[in-house]
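What follows is a single structure, written as structure tokens, with notes after it.
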Amino acid sequence: MKELIDTFCDYLSAERGLALNTISAYRNDLLKFLNFLKTKGANSFSEVKREDIRNFMLSCKDKGLAAPSVSRALVAVKVFFKFLVREKILTKDPSDLIDSPKLWSRLPEVLSLEEVGRLLSIPDMRDTAGVRNKAILELLYASGMRVSEACNLHKSDVNLDVGFLRCIGKGSKERVVPLGQKAIIALKRYLEVSRPKLNKRSNNDYLLLNRSGNKLSRQSVWKIIVRYAREARIKKKIKPHTLRHSFATHLLERGADLRSVQEMLGHANISTTQIYTHVDKDRLKAIHQKFHPRP
């Protein structure tokens, strides 16, 4: 059964061209599914029934897995079974007709404008790492990029004279994203002041470097954001996409159209972007309940 998962992952890489992080996530979800099936005594995917998949989803939820993670696991299982049917390894798809757990979905955590301001003011601009970290925060909030996308940027991907950057997103899809003046100023200072000190390998073209002169990892960026959020006394639970969520929500709050935000985020489907309209409605409802004399 594990060999079939390995074959499927090879297919995702060779024929679908999915990003390594996406394939790794699929593999992890399918291995969890496999372990679940083994506890139920299943020895073949042909033995799997629709009820087994539903029970797997419920077990993920009972273990505290967030709704997006449960949905992603279901997507992995559904795509995997479609692959098995297409390859004629199975004759029926037991995942057919199973919908995503929409009732479990939670709205993403979003920072307020005031919280974003506090977060962006924390880096120490007298310090080499502080100048770099300021550039990272401004870059993420100005562009809505995923952390992994920012870490994979090369110097040649950023044109600060015209205020745009070239980003390679999921599935190796390229998009062009504009930058605001504050992000441009922060990046220019980083390139002039900090990056030359960090660049101990003169042939390294990655934009964001660590103290050893190597490409900065997404885990390191995440630790930086969490540390600064704590120093800024932000009580909300910060996640890797928090600045990305805040970027999209704040644009829509200020009148940006959904299609433009979709393009900047690199969403293949506009329904993914529409969740941010729900966040905005939720915010408006909270304001109404707080300030209306008869809530």
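Residue numbering restarts at 1 for every chain of the structure tokens, chains are lettered A, B, ... in their displayed order, and ligands are numbered from 1 as they appear.
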
- Item | Shell of 10 Å around Ile122 (chain A), only C-alpha atoms, local chain residues under 3 positions omitted, as a list in words |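 Those residues are Gly117, Arg118, Leu119, Met125, Gly130, Asn133, Lys134, Arg227, Tyr228, Ala229, Glu231 and Ala232 of chain A.
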
Take the residues from that selection and write them out as a JSON list (two decimals), in the first residue's frame, keeping N, CA and C atoms.
[["chain", "number", "residue", "atom", "x", "y", "z"],
["A", 117, "GLY", "N", 0.96, 47.67, 12.40],
["A", 117, "GLY", "CA", 1.87, 48.77, 12.65],
["A", 117, "GLY", "C", 2.82, 48.49, 13.80],
["A", 118, "ARG", "N", 2.28, 47.92, 14.88],
["A", 118, "ARG", "CA", 3.13, 47.57, 16.03],
["A", 118, "ARG", "C", 4.15, 46.51, 15.65],
["A", 119, "LEU", "N", 3.71, 45.52, 14.90],
["A", 119, "LEU", "CA", 4.61, 44.43, 14.50],
["A", 119, "LEU", "C", 5.75, 44.96, 13.64],
["A", 125, "MET", "N", 16.56, 48.76, 13.77],
["A", 125, "MET", "CA", 17.18, 49.16, 12.53],
["A", 125, "MET", "C", 18.67, 49.50, 12.68],
["A", 130, "GLY", "N", 18.20, 43.06, 12.20],
["A", 130, "GLY", "CA", 16.98, 43.86, 12.34],
["A", 130, "GLY", "C", 16.57, 44.52, 11.04],
["A", 133, "ASN", "N", 15.16, 41.79, 8.91],
["A", 133, "ASN", "CA", 13.85, 41.35, 9.39],
["A", 133, "ASN", "C", 12.76, 42.38, 9.10],
["A", 134, "LYS", "N", 13.11, 43.64, 9.18],
["A", 134, "LYS", "CA", 12.17, 44.70, 8.81],
["A", 134, "LYS", "C", 11.77, 44.54, 7.33],
["A", 227, "ARG", "N", 8.41, 35.78, 17.26],
["A", 227, "ARG", "CA", 9.15, 36.52, 18.29],
["A", 227, "ARG", "C", 8.75, 38.00, 18.31],
["A", 228, "TYR", "N", 8.66, 38.60, 17.13],
["A", 228, "TYR", "CA", 8.27, 40.01, 17.06],
["A", 228, "TYR", "C", 6.83, 40.22, 17.50],
["A", 229, "ALA", "N", 5.95, 39.27, 17.18],
["A", 229, "ALA", "CA", 4.56, 39.39, 17.61],
["A", 229, "ALA", "C", 4.47, 39.37, 19.13],
["A", 231, "GLU", "N", 6.90, 40.35, 21.17],
["A", 231, "GLU", "CA", 7.45, 41.62, 21.63],
["A", 231, "GLU", "C", 6.47, 42.78, 21.41],
["A", 232, "ALA", "N", 5.64, 42.65, 20.36],
["A", 232, "ALA", "CA", 4.64, 43.69, 20.08],
["A", 232, "ALA", "C", 3.38, 43.50, 20.93]]

- Message: Write out as a PyMOL selection string the set of residues from region 83-281 of chain A that DSSP, computed on the backbone, places in alpha helix (DSSP H).
- Response: chain A and resi 83-86+113-120+128-143+147-151+181-189+195-198+218-231+242-253+258-265+270-273+275-281

- Message: List as a list in words the protein and nucleic acid residues near Asn214 (chain A), meaning an atom at most 10 Å away when only C-alpha atoms are counted, but skip any in the same chain fewer than 4 places from it.
- Response: Leu198, Asn199, Lys200, Arg201, Asn204, Asp205, Tyr206, Leu207, Leu208, Leu209 and Asn210 of chain A

Please, which residues in region 57-176 of chain A fall within 12 Å of region 31-35 of chain A when counting only C-alpha atoms, and what is the closest atom pair and distance in Å to one decimal for each, ordered by chain then residue number, as a Markdown table?
| residue | atom | partner | partner_atom | distance |
| --- | --- | --- | --- | --- |
| A:Met57 | CA | A:Phe33 | CA | 9.0 |
| A:Leu58 | CA | A:Phe33 | CA | 11.7 |
| A:Ser59 | CA | A:Phe33 | CA | 10.1 |
| A:Cys60 | CA | A:Lys32 | CA | 9.2 |
| A:Val70 | CA | A:Phe33 | CA | 11.2 |
| A:Ala73 | CA | A:Phe33 | CA | 8.3 |
| A:Leu74 | CA | A:Phe33 | CA | 9.5 |
| A:Val75 | CA | A:Phe33 | CA | 11.9 |
| A:Ala76 | CA | A:Phe33 | CA | 9.6 |
| A:Val77 | CA | A:Phe33 | CA | 7.8 |
| A:Lys78 | CA | A:Phe33 | CA | 11.5 |
| A:Phe80 | CA | A:Phe33 | CA | 11.1 |

- Nearest to Ala129 (chain A) by atom-to-atom distance, counting only C-alpha atoms, from A:Leu216, A:Ala25, A:Ile234, A:Ile275: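 Smallest distance to Ala129 (chain A) is found for A:Leu216.
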
- Message: Quick one: residues within 10 Å of Leu20 (chain A), only C-alpha atoms, excluding same-chain residues fewer than 4 positions away - as a VMD selection string?
- Response: chain A and resid 9 12 to 13 24 to 26 170 to 171

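Distances here use only C-alpha atoms; by that measure, the residue among A:Asp29, A:Glu3, A:Glu263, A:Asp257 closest to Arg175 (chain A) is A:Glu263.
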
Strand (DSSP E) call set, DSSP backbone run, region 95-217 of chain A, as a PDB file with N, CA and C atoms, in the first residue's frame:
ATOM      1  N   VAL A 158      13.314  40.842  -8.058  1.00  0.00           N
ATOM      2  CA  VAL A 158      12.779  42.070  -7.473  1.00  0.00           C
ATOM      3  C   VAL A 158      13.284  43.280  -8.246  1.00  0.00           C
ATOM      4  N   ASN A 159      12.342  44.088  -8.713  1.00  0.00           N
ATOM      5  CA  ASN A 159      12.690  45.335  -9.411  1.00  0.00           C
ATOM      6  C   ASN A 159      12.157  46.492  -8.576  1.00  0.00           C
ATOM      7  N   PHE A 164       7.907  46.240  -8.485  1.00  0.00           N
ATOM      8  CA  PHE A 164       7.264  44.952  -8.725  1.00  0.00           C
ATOM      9  C   PHE A 164       8.240  43.833  -8.406  1.00  0.00           C
ATOM     10  N   LEU A 165       7.685  42.660  -8.106  1.00  0.00           N
ATOM     11  CA  LEU A 165       8.529  41.484  -7.962  1.00  0.00           C
ATOM     12  C   LEU A 165       7.893  40.323  -8.727  1.00  0.00           C
ATOM     13  N   ARG A 166       8.726  39.387  -9.120  1.00  0.00           N
ATOM     14  CA  ARG A 166       8.276  38.185  -9.830  1.00  0.00           C
ATOM     15  C   ARG A 166       8.300  37.025  -8.853  1.00  0.00           C
ATOM     16  N   CYS A 167       7.157  36.379  -8.693  1.00  0.00           N
ATOM     17  CA  CYS A 167       7.021  35.336  -7.678  1.00  0.00           C
ATOM     18  C   CYS A 167       6.659  34.007  -8.337  1.00  0.00           C
ATOM     19  N   ILE A 168       7.306  32.935  -7.908  1.00  0.00           N
ATOM     20  CA  ILE A 168       6.974  31.588  -8.377  1.00  0.00           C
ATOM     21  C   ILE A 168       6.170  30.906  -7.272  1.00  0.00           C
ATOM     22  N   GLU A 174       3.964  31.402 -12.236  1.00  0.00           N
ATOM     23  CA  GLU A 174       4.601  32.708 -12.026  1.00  0.00           C
ATOM     24  C   GLU A 174       3.549  33.811 -11.960  1.00  0.00           C
ATOM     25  N   ARG A 175       3.749  34.753 -11.049  1.00  0.00           N
ATOM     26  CA  ARG A 175       2.879  35.919 -11.003  1.00  0.00           C
ATOM     27  C   ARG A 175       3.720  37.157 -10.671  1.00  0.00           C
ATOM     28  N   VAL A 176       3.210  38.314 -11.061  1.00  0.00           N
ATOM     29  CA  VAL A 176       3.889  39.583 -10.783  1.00  0.00           C
ATOM     30  C   VAL A 176       3.081  40.324  -9.735  1.00  0.00           C
ATOM     31  N   VAL A 177       3.758  40.765  -8.678  1.00  0.00           N
ATOM     32  CA  VAL A 177       3.084  41.401  -7.544  1.00  0.00           C
ATOM     33  C   VAL A 177       3.682  42.790  -7.305  1.00  0.00           C
ATOM     34  N   PRO A 178       2.831  43.811  -7.148  1.00  0.00           N
ATOM     35  CA  PRO A 178       3.349  45.161  -6.874  1.00  0.00           C
ATOM     36  C   PRO A 178       3.792  45.318  -5.424  1.00  0.00           C
TER      37      PRO A 178
END

- Looking at A:Tyr141, A:Gly17, A:Arg195, A:Phe8, which one is nearest to Arg211 (chain A), with distances taken over only C-alpha atoms?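 Among the listed residues, the smallest separation from Arg211 (chain A) belongs to A:Arg195.
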
Near Leu90 (chain A), counting only C-alpha atoms, which residues have an atom at most 12 Å away, once you skip same-chain residues fewer than 3 positions from it, shown as a PDB file with N, CA and C atoms, in the first residue's frame?
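Okay, selection-v3.pdb is ready:
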ATOM      1  N   LEU A   4       2.146   2.147  -3.438  1.00  0.00           N
ATOM      2  CA  LEU A   4       1.192   2.870  -4.267  1.00  0.00           C
ATOM      3  C   LEU A   4       1.211   4.374  -3.954  1.00  0.00           C
ATOM      4  N   SER A  44      -5.599  -3.655   1.987  1.00  0.00           N
ATOM      5  CA  SER A  44      -5.574  -3.214   0.602  1.00  0.00           C
ATOM      6  C   SER A  44      -6.507  -2.013   0.453  1.00  0.00           C
ATOM      7  N   PHE A  45      -6.161  -1.131  -0.493  1.00  0.00           N
ATOM      8  CA  PHE A  45      -7.030   0.022  -0.736  1.00  0.00           C
ATOM      9  C   PHE A  45      -8.364  -0.400  -1.346  1.00  0.00           C
ATOM     10  N   SER A  46      -8.415  -1.603  -1.919  1.00  0.00           N
ATOM     11  CA  SER A  46      -9.666  -2.101  -2.486  1.00  0.00           C
ATOM     12  C   SER A  46     -10.691  -2.410  -1.397  1.00  0.00           C
ATOM     13  N   GLU A  47     -10.225  -2.539  -0.156  1.00  0.00           N
ATOM     14  CA  GLU A  47     -11.126  -2.829   0.959  1.00  0.00           C
ATOM     15  C   GLU A  47     -11.741  -1.567   1.565  1.00  0.00           C
ATOM     16  N   VAL A  48     -11.233  -0.404   1.161  1.00  0.00           N
ATOM     17  CA  VAL A  48     -11.664   0.850   1.770  1.00  0.00           C
ATOM     18  C   VAL A  48     -13.078   1.206   1.322  1.00  0.00           C
ATOM     19  N   PHE A  80      -5.843  10.824  -4.621  1.00  0.00           N
ATOM     20  CA  PHE A  80      -5.158   9.530  -4.637  1.00  0.00           C
ATOM     21  C   PHE A  80      -6.065   8.438  -5.203  1.00  0.00           C
ATOM     22  N   PHE A  81      -7.322   8.389  -4.754  1.00  0.00           N
ATOM     23  CA  PHE A  81      -8.232   7.356  -5.238  1.00  0.00           C
ATOM     24  C   PHE A  81      -8.602   7.571  -6.703  1.00  0.00           C
ATOM     25  N   LYS A  82      -8.700   8.818  -7.131  1.00  0.00           N
ATOM     26  CA  LYS A  82      -8.943   9.088  -8.553  1.00  0.00           C
ATOM     27  C   LYS A  82      -7.776   8.560  -9.397  1.00  0.00           C
ATOM     28  N   PHE A  83      -6.575   8.718  -8.875  1.00  0.00           N
ATOM     29  CA  PHE A  83      -5.379   8.199  -9.540  1.00  0.00           C
ATOM     30  C   PHE A  83      -5.440   6.671  -9.636  1.00  0.00           C
ATOM     31  N   LEU A  84      -5.823   6.009  -8.550  1.00  0.00           N
ATOM     32  CA  LEU A  84      -5.889   4.543  -8.544  1.00  0.00           C
ATOM     33  C   LEU A  84      -6.929   4.028  -9.540  1.00  0.00           C
ATOM     34  N   VAL A  85      -8.056   4.740  -9.660  1.00  0.00           N
ATOM     35  CA  VAL A  85      -9.086   4.337 -10.627  1.00  0.00           C
ATOM     36  C   VAL A  85      -8.603   4.573 -12.055  1.00  0.00           C
ATOM     37  N   ARG A  86      -7.968   5.719 -12.285  1.00  0.00           N
ATOM     38  CA  ARG A  86      -7.474   6.034 -13.621  1.00  0.00           C
ATOM     39  C   ARG A  86      -6.415   5.029 -14.073  1.00  0.00           C
ATOM     40  N   GLU A  87      -5.607   4.569 -13.121  1.00  0.00           N
ATOM     41  CA  GLU A  87      -4.566   3.581 -13.435  1.00  0.00           C
ATOM     42  C   GLU A  87      -5.104   2.163 -13.451  1.00  0.00           C
ATOM     43  N   ASP A  93     -14.248   4.388  -6.895  1.00  0.00           N
ATOM     44  CA  ASP A  93     -13.647   5.417  -6.045  1.00  0.00           C
ATOM     45  C   ASP A  93     -14.489   5.576  -4.777  1.00  0.00           C
ATOM     46  N   PRO A  94     -13.996   5.087  -3.627  1.00  0.00           N
ATOM     47  CA  PRO A  94     -14.786   5.181  -2.393  1.00  0.00           C
ATOM     48  C   PRO A  94     -14.905   6.604  -1.850  1.00  0.00           C
TER      49      PRO A  94
END

- May I ask which of the residues A:Lys92, A:Lys290, A:Lys38, A:His154 is the closest one to Asn203 (chain A), counting only C-alpha atoms?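 For Asn203 (chain A), the nearest of the candidates is A:His154.
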
I want to know what sits within 9 Å of Lys239 (chain A), based on only C-alpha atoms, with residues of the same chain fewer than 4 positions away left out; could you give that as a PDB file with N, CA and C atoms, in the first residue's frame?
ATOM      1  N   GLU A 109      -7.180  33.955  11.183  1.00  0.00           N
ATOM      2  CA  GLU A 109      -6.842  35.035  12.113  1.00  0.00           C
ATOM      3  C   GLU A 109      -6.217  36.175  11.334  1.00  0.00           C
ATOM      4  N   TRP A 222       9.456  32.206  10.141  1.00  0.00           N
ATOM      5  CA  TRP A 222       8.317  32.007  11.028  1.00  0.00           C
ATOM      6  C   TRP A 222       8.696  32.324  12.482  1.00  0.00           C
ATOM      7  N   ILE A 225       8.805  36.095  12.975  1.00  0.00           N
ATOM      8  CA  ILE A 225       7.476  36.707  13.082  1.00  0.00           C
ATOM      9  C   ILE A 225       6.862  36.434  14.448  1.00  0.00           C
ATOM     10  N   VAL A 226       6.975  35.207  14.928  1.00  0.00           N
ATOM     11  CA  VAL A 226       6.409  34.847  16.237  1.00  0.00           C
ATOM     12  C   VAL A 226       7.087  35.644  17.349  1.00  0.00           C
ATOM     13  N   LEU A 243       0.213  37.250   8.025  1.00  0.00           N
ATOM     14  CA  LEU A 243       0.429  38.488   7.266  1.00  0.00           C
ATOM     15  C   LEU A 243      -0.217  38.406   5.887  1.00  0.00           C
TER      16      LEU A 243
END

- Task: Would you please work out which residue, of A:Lys182, A:Arg27, A:Arg189, A:Lys155, is nearest to Leu120 (chain A) when using only C-alpha atoms?
- Result: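 When distances to Leu120 (chain A) are compared using only C-alpha atoms, the smallest one comes from A:Lys182.
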
- Message: Using only C-alpha atoms for the distances, tell me which of A:Ala142, A:Ile23, A:Ala135, A:Ile5 is nearest to His250 (chain A).
- Response: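 Using only C-alpha atoms, His250 (chain A) sits closest to A:Ala142.
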